[in-house]
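Q: Take this structure, written in structure tokens, and hold onto it; I'll ask about it next.
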Amino acid sequence: MNLNFLIAGCLAIALGIIHSILGEILIFRHLRKSDIFSDKGMSKLKIRHYKTMWSTWHLVTLFGWGIG
């Protein structure tokens with residue numbers, strides 16, 4: 001096994017973990033706390049938009065892990 005490929009794979013996995021954690025902390029935590037995306041006054045369509053954004057954000061992480 002090539003050492004460079006091993007290092008690149010480990011870096012891709014670490015980058016995916018950082019991507020998910022920072023996304024949850026910096027983006028989605030604030031969206032959950034704001035009135036824009038609160039479940040109380042939100043229509044079903046807006047809830048679907050939020051869940052779509054959340055799932056595609058973490059889908060990129062899974063793709064990064066697959067590449068790694």
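Note on naming: chains are A, B, ... as they come in the structure tokens, residues start from 1 per chain, ligands start from 1 in the order shown.
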Looking only at alpha helix (DSSP H) from DSSP on the backbone, list the matching residues of chain A as a VMD selection string.

A: chain A and resid 3 to 23 29 to 33 44 to 67

Q: Store the residues of this selection in a file with N, CA and C atoms, as a compact mmCIF listing (two decimals), in the first residue's frame.

A:
# COMPACT_ATOMS: atom_id res chain seq x y z
N LEU A 3 1.96 4.81 0.97
CA LEU A 3 1.81 5.63 2.16
C LEU A 3 1.07 6.93 1.86
N ASN A 4 1.30 7.50 0.69
CA ASN A 4 0.62 8.74 0.33
C ASN A 4 -0.90 8.54 0.22
N PHE A 5 -1.33 7.41 -0.32
CA PHE A 5 -2.76 7.12 -0.40
C PHE A 5 -3.36 6.93 0.99
N LEU A 6 -2.64 6.31 1.88
CA LEU A 6 -3.11 6.11 3.25
C LEU A 6 -3.27 7.45 3.96
N ILE A 7 -2.31 8.31 3.81
CA ILE A 7 -2.39 9.64 4.43
C ILE A 7 -3.54 10.44 3.83
N ALA A 8 -3.71 10.39 2.51
CA ALA A 8 -4.80 11.12 1.86
C ALA A 8 -6.15 10.59 2.31
N GLY A 9 -6.28 9.29 2.46
CA GLY A 9 -7.53 8.71 2.94
C GLY A 9 -7.86 9.13 4.36
N CYS A 10 -6.85 9.11 5.22
CA CYS A 10 -7.06 9.54 6.61
C CYS A 10 -7.42 11.02 6.68
N LEU A 11 -6.80 11.83 5.85
CA LEU A 11 -7.13 13.25 5.81
C LEU A 11 -8.55 13.48 5.29
N ALA A 12 -8.99 12.70 4.31
CA ALA A 12 -10.35 12.83 3.79
C ALA A 12 -11.38 12.46 4.86
N ILE A 13 -11.10 11.44 5.64
CA ILE A 13 -12.01 11.04 6.71
C ILE A 13 -12.03 12.10 7.80
N ALA A 14 -10.88 12.64 8.17
CA ALA A 14 -10.83 13.70 9.18
C ALA A 14 -11.55 14.95 8.69
N LEU A 15 -11.39 15.28 7.43
CA LEU A 15 -12.06 16.44 6.86
C LEU A 15 -13.58 16.26 6.88
N GLY A 16 -14.05 15.04 6.63
CA GLY A 16 -15.48 14.77 6.69
C GLY A 16 -16.03 14.95 8.09
N ILE A 17 -15.29 14.51 9.09
CA ILE A 17 -15.72 14.68 10.48
C ILE A 17 -15.78 16.16 10.84
N ILE A 18 -14.76 16.90 10.45
CA ILE A 18 -14.72 18.33 10.73
C ILE A 18 -15.87 19.04 10.00
N HIS A 19 -16.16 18.63 8.78
CA HIS A 19 -17.24 19.22 7.99
C HIS A 19 -18.59 19.04 8.69
N SER A 20 -18.85 17.86 9.21
CA SER A 20 -20.11 17.61 9.90
C SER A 20 -20.21 18.38 11.21
N ILE A 21 -19.15 18.37 11.99
CA ILE A 21 -19.19 19.04 13.29
C ILE A 21 -19.34 20.55 13.12
N LEU A 22 -18.56 21.13 12.23
CA LEU A 22 -18.66 22.58 12.03
C LEU A 22 -20.00 22.98 11.43
N GLY A 23 -20.54 22.15 10.56
CA GLY A 23 -21.86 22.44 10.00
C GLY A 23 -22.94 22.44 11.07
N ARG A 29 -27.27 24.72 14.16
CA ARG A 29 -27.66 25.10 15.52
C ARG A 29 -28.34 26.47 15.51
N HIS A 30 -27.80 27.39 14.73
CA HIS A 30 -28.39 28.72 14.66
C HIS A 30 -29.72 28.69 13.92
N LEU A 31 -29.85 27.84 12.92
CA LEU A 31 -31.12 27.75 12.21
C LEU A 31 -32.21 27.16 13.10
N ARG A 32 -31.85 26.21 13.94
CA ARG A 32 -32.84 25.62 14.85
C ARG A 32 -33.31 26.63 15.89
N LYS A 33 -32.41 27.50 16.34
CA LYS A 33 -32.75 28.48 17.37
C LYS A 33 -33.49 29.69 16.82
N LYS A 44 -45.12 22.96 6.50
CA LYS A 44 -44.50 21.68 6.15
C LYS A 44 -43.43 21.87 5.07
N LEU A 45 -43.65 22.78 4.15
CA LEU A 45 -42.68 22.99 3.08
C LEU A 45 -41.36 23.52 3.62
N LYS A 46 -41.41 24.45 4.56
CA LYS A 46 -40.17 24.98 5.12
C LYS A 46 -39.44 23.93 5.95
N ILE A 47 -40.19 23.07 6.64
CA ILE A 47 -39.56 21.99 7.38
C ILE A 47 -38.84 21.06 6.42
N ARG A 48 -39.46 20.78 5.29
CA ARG A 48 -38.82 19.92 4.29
C ARG A 48 -37.56 20.58 3.73
N HIS A 49 -37.59 21.88 3.54
CA HIS A 49 -36.39 22.58 3.04
C HIS A 49 -35.25 22.46 4.04
N TYR A 50 -35.56 22.65 5.32
CA TYR A 50 -34.52 22.53 6.35
C TYR A 50 -33.96 21.13 6.39
N LYS A 51 -34.82 20.12 6.36
CA LYS A 51 -34.35 18.74 6.42
C LYS A 51 -33.57 18.36 5.17
N THR A 52 -33.94 18.94 4.03
CA THR A 52 -33.18 18.69 2.80
C THR A 52 -31.79 19.30 2.89
N MET A 53 -31.70 20.52 3.42
CA MET A 53 -30.38 21.14 3.60
C MET A 53 -29.52 20.33 4.55
N TRP A 54 -30.11 19.88 5.65
CA TRP A 54 -29.37 19.10 6.64
C TRP A 54 -28.88 17.78 6.06
N SER A 55 -29.74 17.09 5.34
CA SER A 55 -29.33 15.79 4.81
C SER A 55 -28.29 15.92 3.70
N THR A 56 -28.41 16.93 2.84
CA THR A 56 -27.39 17.08 1.80
C THR A 56 -26.06 17.54 2.39
N TRP A 57 -26.10 18.29 3.47
CA TRP A 57 -24.85 18.69 4.12
C TRP A 57 -24.10 17.45 4.60
N HIS A 58 -24.82 16.54 5.24
CA HIS A 58 -24.16 15.35 5.77
C HIS A 58 -23.91 14.30 4.68
N LEU A 59 -24.63 14.39 3.58
CA LEU A 59 -24.36 13.50 2.45
C LEU A 59 -22.98 13.78 1.85
N VAL A 60 -22.60 15.05 1.82
CA VAL A 60 -21.25 15.40 1.35
C VAL A 60 -20.20 14.78 2.23
N THR A 61 -20.46 14.72 3.54
CA THR A 61 -19.53 14.07 4.46
C THR A 61 -19.40 12.59 4.14
N LEU A 62 -20.52 11.94 3.89
CA LEU A 62 -20.46 10.52 3.54
C LEU A 62 -19.72 10.27 2.23
N PHE A 63 -19.91 11.15 1.26
CA PHE A 63 -19.16 11.03 0.01
C PHE A 63 -17.66 11.19 0.25
N GLY A 64 -17.29 12.11 1.12
CA GLY A 64 -15.88 12.30 1.45
C GLY A 64 -15.29 11.07 2.11
N TRP A 65 -16.07 10.44 2.99
CA TRP A 65 -15.61 9.21 3.62
C TRP A 65 -15.46 8.10 2.59
N GLY A 66 -16.38 8.04 1.63
CA GLY A 66 -16.28 7.01 0.59
C GLY A 66 -15.05 7.20 -0.29
N ILE A 67 -14.73 8.44 -0.57
CA ILE A 67 -13.53 8.71 -1.36
C ILE A 67 -12.28 8.38 -0.55
